[in-house]
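Encoded as structure tokens, the structure appears first; notes follow it.
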Amino acid sequence: MAIIREHERFLDDHLKYHSNRSFFSFLSLGAIHAPYSPPDIFMDGTKVKGKYASNQLNMLYEMDLLVGRVVADLERRNLLHNTLVIFTSDNGGTKRNGMLKGSKGTIWEGGNTIPLIMQHRNAFPEGVNNTNLVGITDLYATLADFAGIKIPQGQGKDSISLLKSFKNSSELVRDDFFVFNYVRKKSHEVYFDMYGQQPIEQSIRTIRYKLIYYTPINLMILFDLLEDPSETKDIWYIHLFVAL
């Protein structure tokens with residue numbers, strides 16, 4: 001909870017010394033990484049440890065309280081109305097990813113599909129499930145767009161602003177997205193060729209299809225994510241024969 005107190009001091013200093021300027025605040029929470037060690041109570045006295053059956057779930061509950069506190073701090077200081085709030089993660093879960101295959105550190109959807117929630121006054125419609133294809137790299141252009149900052153030439157080449165898409169989910173962000181995995185999870189397998197280290201597995205996906213390429217053995221597999229979000233049915237050869 002020290003991160004919350006530090007953030008509150010940061011906001012107070014901003015209002016006292018720099019109220020006429022913009023601010024950027026990045027809070028990287030420890031939850032819900034192991035070791036799972038939730039506090040007995042939250043800073044407002046709310047019981048955390050023992051709330052749920054496992055300490056992992058208790059830490060998830062603590063994170064929910066932390067995010068709520070951050071939003072409330074902005075609102076109490078009359079900053080929320082003009083602040084873009086983004087909640088996201090850097091990778092999929094290590095164990096539980098619902099129906100999605102794989103986990104953190106893998107090429108599968110369970111390792112790369114993450115929550116992304118954005119709030120800015122009433123600029124974004126509430127309760128909309130946006131199915132656009134986006135990535136963390138897009139936050140660079142999104143924040144620059146929001147702040148009215150021109151991206152320097154040659155910077156952020158793989159970054160696209162999400163603001164239009166969040167205001168109108170029919171606005172397409174990108175047609176496809178690449179993912180590269182340089183180390184195989186658990187086995188720690190890597191791959192080198194004459195040019196140096198290469199991705200051991202890589203993928204390109206659109207809204208519907210995802211093609212995975214295993215570099216060392218020159219193997220391709222293809223999935224229809226709309227029909228098969230769990231990536232269980234390889235349809236590569238079906239489409240290959242159709243093309244031929």
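Chain lettering (A, B, ...) mirrors the order of the structure tokens, residue numbering begins at 1 for each chain separately, and ligand numbering begins at 1 in order of display.
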Within 9 Å of Ser25 in chain A using only C-alpha atoms, minus same-chain residues under 4 positions, as a tab-separated table (two decimals) with N, CA and C atoms, in the first residue's frame:
chain	number	residue	atom	x	y	z
A	7	HIS	N	1.67	7.69	-4.39
A	7	HIS	CA	0.90	8.28	-5.48
A	7	HIS	C	0.07	9.46	-5.00
A	10	PHE	N	2.31	12.35	-4.71
A	10	PHE	CA	2.61	12.85	-6.06
A	10	PHE	C	1.49	13.75	-6.56
A	11	LEU	N	0.23	13.32	-6.38
A	11	LEU	CA	-0.91	14.13	-6.83
A	11	LEU	C	-0.99	15.45	-6.07
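Proximity to Asp90 in chain A at 12 Å, evaluated using only C-alpha atoms and with sequence-adjacent residues fewer than 6 positions away removed, yields Ser28, Leu29, Lys104, Gly105, Gly111, Asn112, Thr113, Ile114, Pro115, Leu116, Gly135, Ile136, Thr137 and Leu139 of chain A.
A straight line drawn from CA of Pro39 in chain A to CA of Phe24 in chain A is 27.9 Å long.
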>> Can you pull out the residues contacting range 74-88 of chain A? Cut-off 6 Å, using only C-alpha atoms, and skip same-chain residues under 3 positions away; I want them as a PyMOL selection string.
In response: chain A and resi 71+115-121
What would the file look like if the residues just selected were written as an mmCIF file, in the first residue's frame with N, CA and C atoms?
data_model
loop_
_atom_site.group_PDB
_atom_site.id
_atom_site.type_symbol
_atom_site.label_atom_id
_atom_site.label_comp_id
_atom_site.auth_asym_id
_atom_site.auth_seq_id
_atom_site.Cartn_x
_atom_site.Cartn_y
_atom_site.Cartn_z
ATOM 1 N N VAL A 71 -8.705 5.698 -8.340
ATOM 2 C CA VAL A 71 -9.765 6.459 -9.009
ATOM 3 C C VAL A 71 -10.403 7.446 -8.036
ATOM 4 N N PRO A 115 -6.540 -8.006 -20.127
ATOM 5 C CA PRO A 115 -7.587 -6.989 -19.974
ATOM 6 C C PRO A 115 -7.049 -5.614 -20.360
ATOM 7 N N LEU A 116 -7.882 -4.800 -20.947
ATOM 8 C CA LEU A 116 -7.530 -3.410 -21.248
ATOM 9 C C LEU A 116 -8.783 -2.559 -21.052
ATOM 10 N N ILE A 117 -8.775 -1.764 -20.000
ATOM 11 C CA ILE A 117 -9.924 -0.919 -19.655
ATOM 12 C C ILE A 117 -9.455 0.537 -19.643
ATOM 13 N N MET A 118 -10.196 1.395 -20.335
ATOM 14 C CA MET A 118 -9.852 2.810 -20.383
ATOM 15 C C MET A 118 -11.058 3.657 -19.980
ATOM 16 N N GLN A 119 -10.775 4.730 -19.241
ATOM 17 C CA GLN A 119 -11.831 5.642 -18.796
ATOM 18 C C GLN A 119 -11.378 7.084 -18.964
ATOM 19 N N HIS A 120 -12.278 7.904 -19.538
ATOM 20 C CA HIS A 120 -12.005 9.330 -19.633
ATOM 21 C C HIS A 120 -13.331 10.074 -19.679
ATOM 22 N N ARG A 121 -13.700 10.640 -18.548
ATOM 23 C CA ARG A 121 -14.985 11.357 -18.432
ATOM 24 C C ARG A 121 -16.093 10.519 -19.063
#
If we count only C-alpha atoms and set the cut-off at 12 Å, which residues sit around Tyr182 in chain A, ignoring sequence neighbours fewer than 3 positions away in its own chain? Please answer as a CSV table (one decimal) with all heavy atoms, in the first residue's frame.
chain,number,residue,atom,x,y,z
A,105,GLY,N,4.2,-16.4,-21.2
A,105,GLY,CA,5.5,-16.9,-21.8
A,105,GLY,C,5.3,-17.9,-23.0
A,105,GLY,O,6.2,-18.5,-23.5
A,106,THR,N,4.0,-18.1,-23.4
A,106,THR,CA,3.7,-19.0,-24.6
A,106,THR,C,3.2,-18.2,-25.7
A,106,THR,O,2.8,-17.0,-25.6
A,106,THR,CB,2.7,-20.1,-24.2
A,106,THR,OG1,1.4,-19.5,-24.0
A,106,THR,CG2,3.2,-20.8,-22.9
A,107,ILE,N,3.1,-18.8,-26.9
A,107,ILE,CA,2.6,-18.1,-28.1
A,107,ILE,C,1.1,-18.2,-28.2
A,107,ILE,O,0.5,-17.5,-29.0
A,107,ILE,CB,3.3,-18.8,-29.3
A,107,ILE,CG1,3.2,-17.8,-30.5
A,107,ILE,CG2,2.6,-20.1,-29.7
A,107,ILE,CD1,4.2,-16.7,-30.4
A,179,VAL,N,3.3,-11.6,-32.8
A,179,VAL,CA,3.9,-11.9,-31.5
A,179,VAL,C,5.1,-12.8,-31.7
A,179,VAL,O,5.0,-13.8,-32.5
A,179,VAL,CB,2.8,-12.7,-30.7
A,179,VAL,CG1,3.5,-13.2,-29.4
A,179,VAL,CG2,1.6,-11.8,-30.4
A,185,LYS,N,8.8,-21.7,-22.8
A,185,LYS,CA,8.5,-21.8,-21.4
A,185,LYS,C,8.9,-23.2,-20.9
A,185,LYS,O,8.7,-24.2,-21.6
A,185,LYS,CB,7.1,-21.4,-21.1
A,185,LYS,CG,6.7,-21.3,-19.7
A,185,LYS,CD,5.3,-20.9,-19.5
A,185,LYS,CE,4.9,-20.8,-18.0
A,185,LYS,NZ,3.5,-20.6,-17.8
A,188,HIS,N,13.0,-23.7,-21.5
A,188,HIS,CA,13.9,-22.6,-21.7
A,188,HIS,C,14.7,-22.8,-23.0
A,188,HIS,O,15.8,-22.4,-23.2
A,188,HIS,CB,14.9,-22.5,-20.5
A,188,HIS,CG,14.3,-22.3,-19.2
A,188,HIS,ND1,13.6,-21.2,-18.9
A,188,HIS,CD2,14.2,-23.2,-18.1
A,188,HIS,CE1,13.2,-21.3,-17.6
A,188,HIS,NE2,13.5,-22.5,-17.2
A,189,GLU,N,14.0,-23.5,-24.0
A,189,GLU,CA,14.6,-23.7,-25.3
A,189,GLU,C,14.8,-22.4,-26.1
A,189,GLU,O,13.9,-21.6,-26.1
A,189,GLU,CB,13.8,-24.7,-26.1
A,189,GLU,CG,14.3,-25.1,-27.4
A,189,GLU,CD,13.3,-26.0,-28.2
A,189,GLU,OE1,12.3,-26.3,-27.6
A,189,GLU,OE2,13.6,-26.3,-29.3
A,190,VAL,N,15.9,-22.2,-26.7
A,190,VAL,CA,16.1,-21.1,-27.6
A,190,VAL,C,16.6,-21.6,-29.0
A,190,VAL,O,16.8,-22.7,-29.2
A,190,VAL,CB,17.2,-20.1,-27.0
A,190,VAL,CG1,16.7,-19.5,-25.7
A,190,VAL,CG2,18.5,-20.8,-26.8
A,191,TYR,N,16.6,-20.6,-29.9
A,191,TYR,CA,17.0,-21.0,-31.3
A,191,TYR,C,17.9,-20.0,-31.9
A,191,TYR,O,17.7,-18.8,-31.8
A,191,TYR,CB,15.7,-21.2,-32.1
A,191,TYR,CG,15.9,-21.4,-33.6
A,191,TYR,CD1,16.4,-22.7,-34.0
A,191,TYR,CD2,15.7,-20.5,-34.6
A,191,TYR,CE1,16.7,-22.9,-35.3
A,191,TYR,CE2,15.9,-20.7,-35.9
A,191,TYR,CZ,16.4,-22.0,-36.3
A,191,TYR,OH,16.7,-22.2,-37.6
A,192,PHE,N,19.0,-20.5,-32.5
A,192,PHE,CA,19.9,-19.7,-33.2
A,192,PHE,C,20.1,-20.1,-34.7
A,192,PHE,O,20.0,-21.3,-35.0
A,192,PHE,CB,21.3,-19.7,-32.6
A,192,PHE,CG,21.3,-19.0,-31.2
A,192,PHE,CD1,20.9,-19.7,-30.1
A,192,PHE,CD2,21.7,-17.7,-31.1
A,192,PHE,CE1,21.0,-19.1,-28.8
A,192,PHE,CE2,21.8,-17.1,-29.8
A,192,PHE,CZ,21.4,-17.8,-28.7
A,196,GLY,N,22.1,-15.3,-35.8
A,196,GLY,CA,22.0,-15.0,-34.4
A,196,GLY,C,20.7,-15.6,-33.8
A,196,GLY,O,20.0,-16.5,-34.4
A,197,GLN,N,20.3,-15.2,-32.6
A,197,GLN,CA,19.1,-15.7,-32.0
A,197,GLN,C,17.9,-15.3,-32.7
A,197,GLN,O,17.7,-14.1,-33.1
A,197,GLN,CB,19.0,-15.3,-30.5
A,197,GLN,CG,17.8,-15.9,-29.8
A,197,GLN,CD,17.8,-15.6,-28.3
A,197,GLN,OE1,18.7,-15.0,-27.8
A,197,GLN,NE2,16.8,-16.1,-27.6
A,198,GLN,N,17.0,-16.2,-32.9
A,198,GLN,CA,15.7,-15.9,-33.6
A,198,GLN,C,14.5,-16.4,-32.7
A,198,GLN,O,14.7,-17.2,-31.8
A,198,GLN,CB,15.7,-16.7,-34.9
A,198,GLN,CG,16.8,-16.4,-35.9
A,198,GLN,CD,16.7,-15.0,-36.4
A,198,GLN,OE1,15.7,-14.3,-36.4
A,198,GLN,NE2,17.9,-14.4,-36.8
A,199,PRO,N,13.3,-15.9,-33.0
A,199,PRO,CA,12.2,-16.4,-32.3
A,199,PRO,C,12.0,-17.9,-32.4
A,199,PRO,O,12.1,-18.4,-33.5
A,199,PRO,CB,11.0,-15.6,-32.9
A,199,PRO,CG,11.6,-14.4,-33.6
A,199,PRO,CD,13.0,-14.9,-34.0
A,200,ILE,N,11.8,-18.6,-31.3
A,200,ILE,CA,11.6,-20.0,-31.4
A,200,ILE,C,10.2,-20.3,-31.9
A,200,ILE,O,9.9,-21.3,-32.5
A,200,ILE,CB,11.9,-20.7,-30.1
A,200,ILE,CG1,12.0,-22.2,-30.2
A,200,ILE,CG2,10.8,-20.3,-29.0
A,200,ILE,CD1,12.6,-22.9,-29.0
A,201,GLU,N,9.3,-19.4,-31.7
A,201,GLU,CA,7.9,-19.5,-32.2
A,201,GLU,C,7.4,-18.1,-32.4
A,201,GLU,O,7.7,-17.2,-31.7
A,201,GLU,CB,7.0,-20.3,-31.3
A,201,GLU,CG,7.1,-19.9,-29.8
A,201,GLU,CD,6.4,-20.9,-28.9
A,201,GLU,OE1,6.0,-21.9,-29.3
A,201,GLU,OE2,6.2,-20.5,-27.7
A,202,GLN,N,6.6,-17.9,-33.4
A,202,GLN,CA,6.1,-16.6,-33.8
A,202,GLN,C,4.7,-16.7,-34.4
A,202,GLN,O,4.3,-17.8,-34.9
A,202,GLN,CB,7.0,-15.9,-34.7
A,202,GLN,CG,7.6,-16.7,-35.9
A,202,GLN,CD,8.8,-16.1,-36.6
A,202,GLN,OE1,8.7,-14.9,-37.0
A,202,GLN,NE2,9.8,-16.8,-36.6
A,203,SER,N,3.9,-15.6,-34.3
A,203,SER,CA,2.6,-15.7,-34.8
A,203,SER,C,2.2,-14.4,-35.4
A,203,SER,O,2.7,-13.3,-35.1
A,203,SER,CB,1.6,-16.1,-33.7
A,203,SER,OG,1.4,-15.1,-32.8
A,214,TYR,N,6.6,-22.4,-36.0
A,214,TYR,CA,7.6,-23.0,-35.2
A,214,TYR,C,8.9,-22.9,-36.0
A,214,TYR,O,9.2,-23.8,-36.8
A,214,TYR,CB,7.3,-24.4,-34.7
A,214,TYR,CG,6.2,-24.4,-33.7
A,214,TYR,CD1,4.9,-24.7,-34.1
A,214,TYR,CD2,6.4,-24.1,-32.3
A,214,TYR,CE1,3.8,-24.7,-33.2
A,214,TYR,CE2,5.4,-24.1,-31.4
A,214,TYR,CZ,4.1,-24.4,-31.9
A,214,TYR,OH,3.1,-24.4,-31.0
A,215,THR,N,9.8,-22.0,-35.6
A,215,THR,CA,11.0,-21.7,-36.4
A,215,THR,C,11.9,-22.9,-36.6
A,215,THR,O,12.4,-23.2,-37.7
A,215,THR,CB,11.8,-20.5,-35.9
A,215,THR,OG1,10.8,-19.5,-35.5
A,215,THR,CG2,12.7,-20.0,-36.9
A,216,PRO,N,12.3,-23.6,-35.5
A,216,PRO,CA,13.3,-24.7,-35.6
A,216,PRO,C,13.0,-25.8,-36.6
A,216,PRO,O,13.8,-26.4,-37.2
A,216,PRO,CB,13.5,-25.1,-34.2
A,216,PRO,CG,13.0,-24.0,-33.3
A,216,PRO,CD,11.9,-23.4,-34.1
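Nearest residue to Arg9 in chain A, choosing from A:Glu62, A:Leu226, A:Asp73, A:Lys51 and counting only C-alpha atoms: A:Asp73.
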